[in-house]
Amino acid sequence: MSITSLIKPLFLRRIKAWRGKAIRPEATQCRELQWLLHRAAATLQGQTYGYSSIRTYEDFKNKVPVSQYPDIRHLVERIINGERDILWPGRTTHFAQSSGTSDGKSKYIPITGDSFKRTHYQGGFDVVAHYLDLYPDSRIFDGRSFILGGSYANELTLPKNVVVGDLSANLIDNINPLVNLVRIPSKRIALMEDWQEKLPALVEASIGRDVTNISGVPSWFLAVIKEILKKTGASTIHEVWPNLEVFFHGGISFEPYRETYSHITDSSRMRYLETYNASEGFFALRTDVDDPSLTLLTDLGIFFEFVPLGQENEKYPEALGAWQVTPGETYSLVISGCNGLWRYAIGDTVTVTSVNPLKIVIAGRTKHFINAFGEELMVHNAEAAIARTCSEMACEVVNFTAAPVYAGDRTRGRHQWLIEFVCPPADIDEFAERLDKNIQSENSDYQAKRSHGLFLDRLSIVVAHEGLFDQWLASTGKLGGQRKVPRLSNDRHIIDDMLALNAK
């Protein structure tokens, strides 16, 4: 009898309980909200907004304003400096460093003891539970898990016992010691800060191990796998890890990388399960082999709200609970959680695909889009279009970013794409033509602006030299397992810096 068959019943019991809650989103979510309010009633936040008197969701959204990170920065700084009972009971000493806000400063998302246990680790448990439910033949626990994470922000000067870093670094460092028996690499390697040193260490730590599952961001794991193939001379990773069966991935869309992964794996033996695990919480995962949508996890210490687009900057928007949304609509996601974030706009937009259970697809970032000409191009439009174009022209992309080029005296505006190819197309001009048409098919607003060339010219492409995206990340001090370049920007700050590097 395999180890997996012995352990599996523990996970499958969770599936039965989860299904009962998933079909009752209103009851489940209102129970989570009341638990959150009760736990935080005596905190500074709870006393400021009268949490002890809130009885319904309507009370909650009428009393408590929606916040973004600059609104709570001063409170988080107080927590970092040792104050207790500010946003959540007790003292918080762990923080996930996230990408900067509009003022250029980093965000430090609290990770409380409750959010470690109830949200992040329970979310990881649920991922495995759903995978075992979907694939009864799995032998996932008969080998090792290769978890690729980030590092701590060791350059910061912090009070004693306070740690700041990537979410994954915090999770790996505080994980149940029993998990370390089935996980690689060692903590020492997993938490290395210098990616140039870390990459070869990861390769050495994983060659010769019986890896059955891998977890991480697709772009960074691709770099690891390629180095392993280079060192071993193997043509696919299954020659190195013959029992590899699944990639648990998240952080960025997998679509631009799907074709590349099909070439470096044995597709007949490889499975993929997408997760929605952010610094602010573990939100959703794929629960159906035939449906790429992500099912919201409604009982992990998080209360979800959905704000109609156009109201995302309002303090008291016409927000909706998880049971009030409409399929097909796109919303800005707002969460309240046991990490002490209250009605916090995380910056993501999601499109609802089903309400019972509640399923979503990630549409993009509220700040990562191009709408310079009224085209409202979202990240999911761009990723779907580039994936289709690569498939049509038998080429592969490792990374891309795009931004507007504004109209001149004699030129119309257009989008400019900076693309790093693994395998470039035979004709870059034809690639640009097809990509432009595929974006039009994905986005009717872009199609309208491109119609007859009245408002927008066809997009243009600059081919990035090999390693440009990593080079740019390194220049910002953000090279590592969870860092990434925004796919779309509504201004030219990022792309101009990258173009300058590309010209050297």
# chains A, B, ... in the order shown; residues from 1 in each chain; ligands from 1
call {"tool": "residues_around", "arguments": {"residues": "A:Gly165", "least_positions_apart": "4", "cutoff": "7 Å", "atoms": "only C-alpha atoms", "output": "NGL selection string"}}
result
:A and (95-97 or 151-153 or 169-170)
call {"tool": "write_last_selection", "arguments": {"atoms": "N, CA, C and O atoms", "output": "tab-separated table (two decimals), in the first residue's frame"}}
result
chain	number	residue	atom	x	y	z
A	95	PHE	N	5.35	39.76	8.09
A	95	PHE	CA	4.75	40.61	7.06
A	95	PHE	C	5.21	40.15	5.68
A	95	PHE	O	6.39	39.83	5.48
A	96	ALA	N	4.27	40.12	4.75
A	96	ALA	CA	4.58	39.79	3.36
A	96	ALA	C	4.84	41.08	2.60
A	96	ALA	O	3.97	41.96	2.54
A	97	GLN	N	6.02	41.20	2.05
A	97	GLN	CA	6.36	42.40	1.28
A	97	GLN	C	5.79	42.25	-0.12
A	97	GLN	O	6.04	41.26	-0.81
A	151	SER	N	12.33	35.06	-0.74
A	151	SER	CA	13.30	35.27	0.34
A	151	SER	C	12.81	36.37	1.26
A	151	SER	O	11.85	37.08	0.98
A	152	TYR	N	13.52	36.52	2.38
A	152	TYR	CA	13.24	37.63	3.29
A	152	TYR	C	13.93	38.90	2.79
A	152	TYR	O	14.91	38.85	2.05
A	153	ALA	N	13.39	40.04	3.22
A	153	ALA	CA	13.96	41.33	2.86
A	153	ALA	C	15.04	41.68	3.89
A	153	ALA	O	14.84	42.48	4.80
A	169	ALA	N	8.37	32.92	1.48
A	169	ALA	CA	9.45	32.78	2.46
A	169	ALA	C	8.87	32.63	3.87
A	169	ALA	O	9.32	31.78	4.66
A	170	ASN	N	7.88	33.44	4.20
A	170	ASN	CA	7.22	33.33	5.49
A	170	ASN	C	6.57	31.96	5.67
A	170	ASN	O	6.66	31.34	6.73
call {"tool": "select_by_dssp", "arguments": {"residues": "stretch 246-283 of chain A", "states": "alpha helix (DSSP H)", "output": "list of chain:residue names"}}
result
A:Glu255, A:Pro256, A:Tyr257, A:Arg258, A:Glu259, A:Thr260, A:Tyr261, A:Ser262, A:His263, A:Ile264
call {"tool": "closest_residue", "arguments": {"among": "A:Pro9, A:Gly250, A:Pro425, A:Pro242", "to": "A:Gly216", "atoms": "only C-alpha atoms"}}
result
A:Gly250
call {"tool": "closest_residue", "arguments": {"among": "A:Phe146, A:Phe125, A:Phe283, A:Tyr135", "to": "A:Ile207", "atoms": "only C-alpha atoms"}}
result
A:Phe146
call {"tool": "closest_residue", "arguments": {"among": "A:Glu376, A:Asp470, A:Asp491, A:Glu280", "to": "A:Asn443", "atoms": "only C-alpha atoms"}}
result
A:Glu376
call {"tool": "select_by_dssp", "arguments": {"residues": "stretch 123-283 of chain A", "states": "strand (DSSP E)", "output": "JSON, numbers by chain"}}
result
{"A": [144, 145, 146, 147, 163, 164, 165, 183, 184, 211, 212, 213, 214, 215, 216, 246, 247, 248, 249, 271, 272, 273, 274, 275, 276, 277, 278, 281, 282, 283]}
call {"tool": "closest_residue", "arguments": {"among": "A:Leu12, A:Ile264, A:Val246, A:Ile111", "to": "A:Trp88", "atoms": "only C-alpha atoms"}}
result
A:Ile111
call {"tool": "atom_distance", "arguments": {"atom1": "atom CA of A:His130", "atom2": "atom CA of A:Leu244"}}
result
17.6 Å
call {"tool": "closest_atom_pairs", "arguments": {"of": "stretch 324-401 of chain A", "to": "stretch 34-48 of chain A", "cutoff": "12 Å", "atoms": "only C-alpha atoms", "output": "JSON lines"}}
result
{"residue": "A:Ile335", "atom": "CA", "partner": "A:Leu36", "partner_atom": "CA", "distance": 11.5}
{"residue": "A:Ser336", "atom": "CA", "partner": "A:Leu36", "partner_atom": "CA", "distance": 8.1}
{"residue": "A:Gly337", "atom": "CA", "partner": "A:Leu36", "partner_atom": "CA", "distance": 7.0}
{"residue": "A:Cys338", "atom": "CA", "partner": "A:Leu36", "partner_atom": "CA", "distance": 6.5}
{"residue": "A:Asn339", "atom": "CA", "partner": "A:Leu36", "partner_atom": "CA", "distance": 9.8}
{"residue": "A:Gly340", "atom": "CA", "partner": "A:Ala40", "partner_atom": "CA", "distance": 8.2}
{"residue": "A:Leu341", "atom": "CA", "partner": "A:Gln45", "partner_atom": "CA", "distance": 9.8}
{"residue": "A:Trp342", "atom": "CA", "partner": "A:Gln45", "partner_atom": "CA", "distance": 8.6}
{"residue": "A:Arg343", "atom": "CA", "partner": "A:Gln45", "partner_atom": "CA", "distance": 11.6}
call {"tool": "write_last_selection", "arguments": {"atoms": "N, CA, C and O atoms", "output": "PDB file, in the first residue's frame"}}
result
ATOM      1  N   ILE A 335     -11.444  42.436   0.270  1.00  0.00           N
ATOM      2  CA  ILE A 335     -11.464  41.383   1.277  1.00  0.00           C
ATOM      3  C   ILE A 335     -11.351  41.948   2.689  1.00  0.00           C
ATOM      4  O   ILE A 335     -10.781  43.017   2.912  1.00  0.00           O
ATOM      5  N   SER A 336     -11.932  41.212   3.626  1.00  0.00           N
ATOM      6  CA  SER A 336     -11.687  41.416   5.046  1.00  0.00           C
ATOM      7  C   SER A 336     -11.217  40.077   5.589  1.00  0.00           C
ATOM      8  O   SER A 336     -11.848  39.050   5.322  1.00  0.00           O
ATOM      9  N   GLY A 337     -10.099  40.064   6.315  1.00  0.00           N
ATOM     10  CA  GLY A 337      -9.538  38.773   6.704  1.00  0.00           C
ATOM     11  C   GLY A 337      -8.916  38.771   8.079  1.00  0.00           C
ATOM     12  O   GLY A 337      -8.745  39.827   8.719  1.00  0.00           O
ATOM     13  N   CYS A 338      -8.556  37.577   8.526  1.00  0.00           N
ATOM     14  CA  CYS A 338      -7.975  37.429   9.863  1.00  0.00           C
ATOM     15  C   CYS A 338      -6.504  37.812   9.893  1.00  0.00           C
ATOM     16  O   CYS A 338      -5.804  37.518  10.861  1.00  0.00           O
ATOM     17  N   ASN A 339      -6.023  38.486   8.850  1.00  0.00           N
ATOM     18  CA  ASN A 339      -4.718  39.150   8.911  1.00  0.00           C
ATOM     19  C   ASN A 339      -4.866  40.617   9.315  1.00  0.00           C
ATOM     20  O   ASN A 339      -3.877  41.336   9.408  1.00  0.00           O
ATOM     21  N   GLY A 340      -6.123  41.067   9.522  1.00  0.00           N
ATOM     22  CA  GLY A 340      -6.349  42.439   9.947  1.00  0.00           C
ATOM     23  C   GLY A 340      -6.604  43.420   8.822  1.00  0.00           C
ATOM     24  O   GLY A 340      -6.639  44.629   9.059  1.00  0.00           O
ATOM     25  N   LEU A 341      -6.790  42.936   7.620  1.00  0.00           N
ATOM     26  CA  LEU A 341      -7.173  43.809   6.508  1.00  0.00           C
ATOM     27  C   LEU A 341      -8.700  43.901   6.486  1.00  0.00           C
ATOM     28  O   LEU A 341      -9.386  42.884   6.462  1.00  0.00           O
ATOM     29  N   TRP A 342      -9.227  45.122   6.465  1.00  0.00           N
ATOM     30  CA  TRP A 342     -10.673  45.335   6.547  1.00  0.00           C
ATOM     31  C   TRP A 342     -11.173  46.111   5.335  1.00  0.00           C
ATOM     32  O   TRP A 342     -10.721  47.212   5.076  1.00  0.00           O
ATOM     33  N   ARG A 343     -12.069  45.461   4.614  1.00  0.00           N
ATOM     34  CA  ARG A 343     -12.608  46.043   3.371  1.00  0.00           C
ATOM     35  C   ARG A 343     -11.443  46.588   2.538  1.00  0.00           C
ATOM     36  O   ARG A 343     -11.440  47.722   2.069  1.00  0.00           O
TER      37      ARG A 343
END
call {"tool": "atom_distance", "arguments": {"atom1": "atom CA of A:Gly123", "atom2": "atom CA of A:Asp166"}}
result
17.1 Å
call {"tool": "residues_around", "arguments": {"residues": "A:Thr93", "least_positions_apart": "3", "cutoff": "10 Å", "atoms": "only C-alpha atoms", "output": "PyMOL selection string"}}
result
chain A and resi 79-82+90+110-113+159-164
call {"tool": "atom_distance", "arguments": {"atom1": "atom CA of A:Lys8", "atom2": "atom CA of A:His120"}}
result
20.1 Å
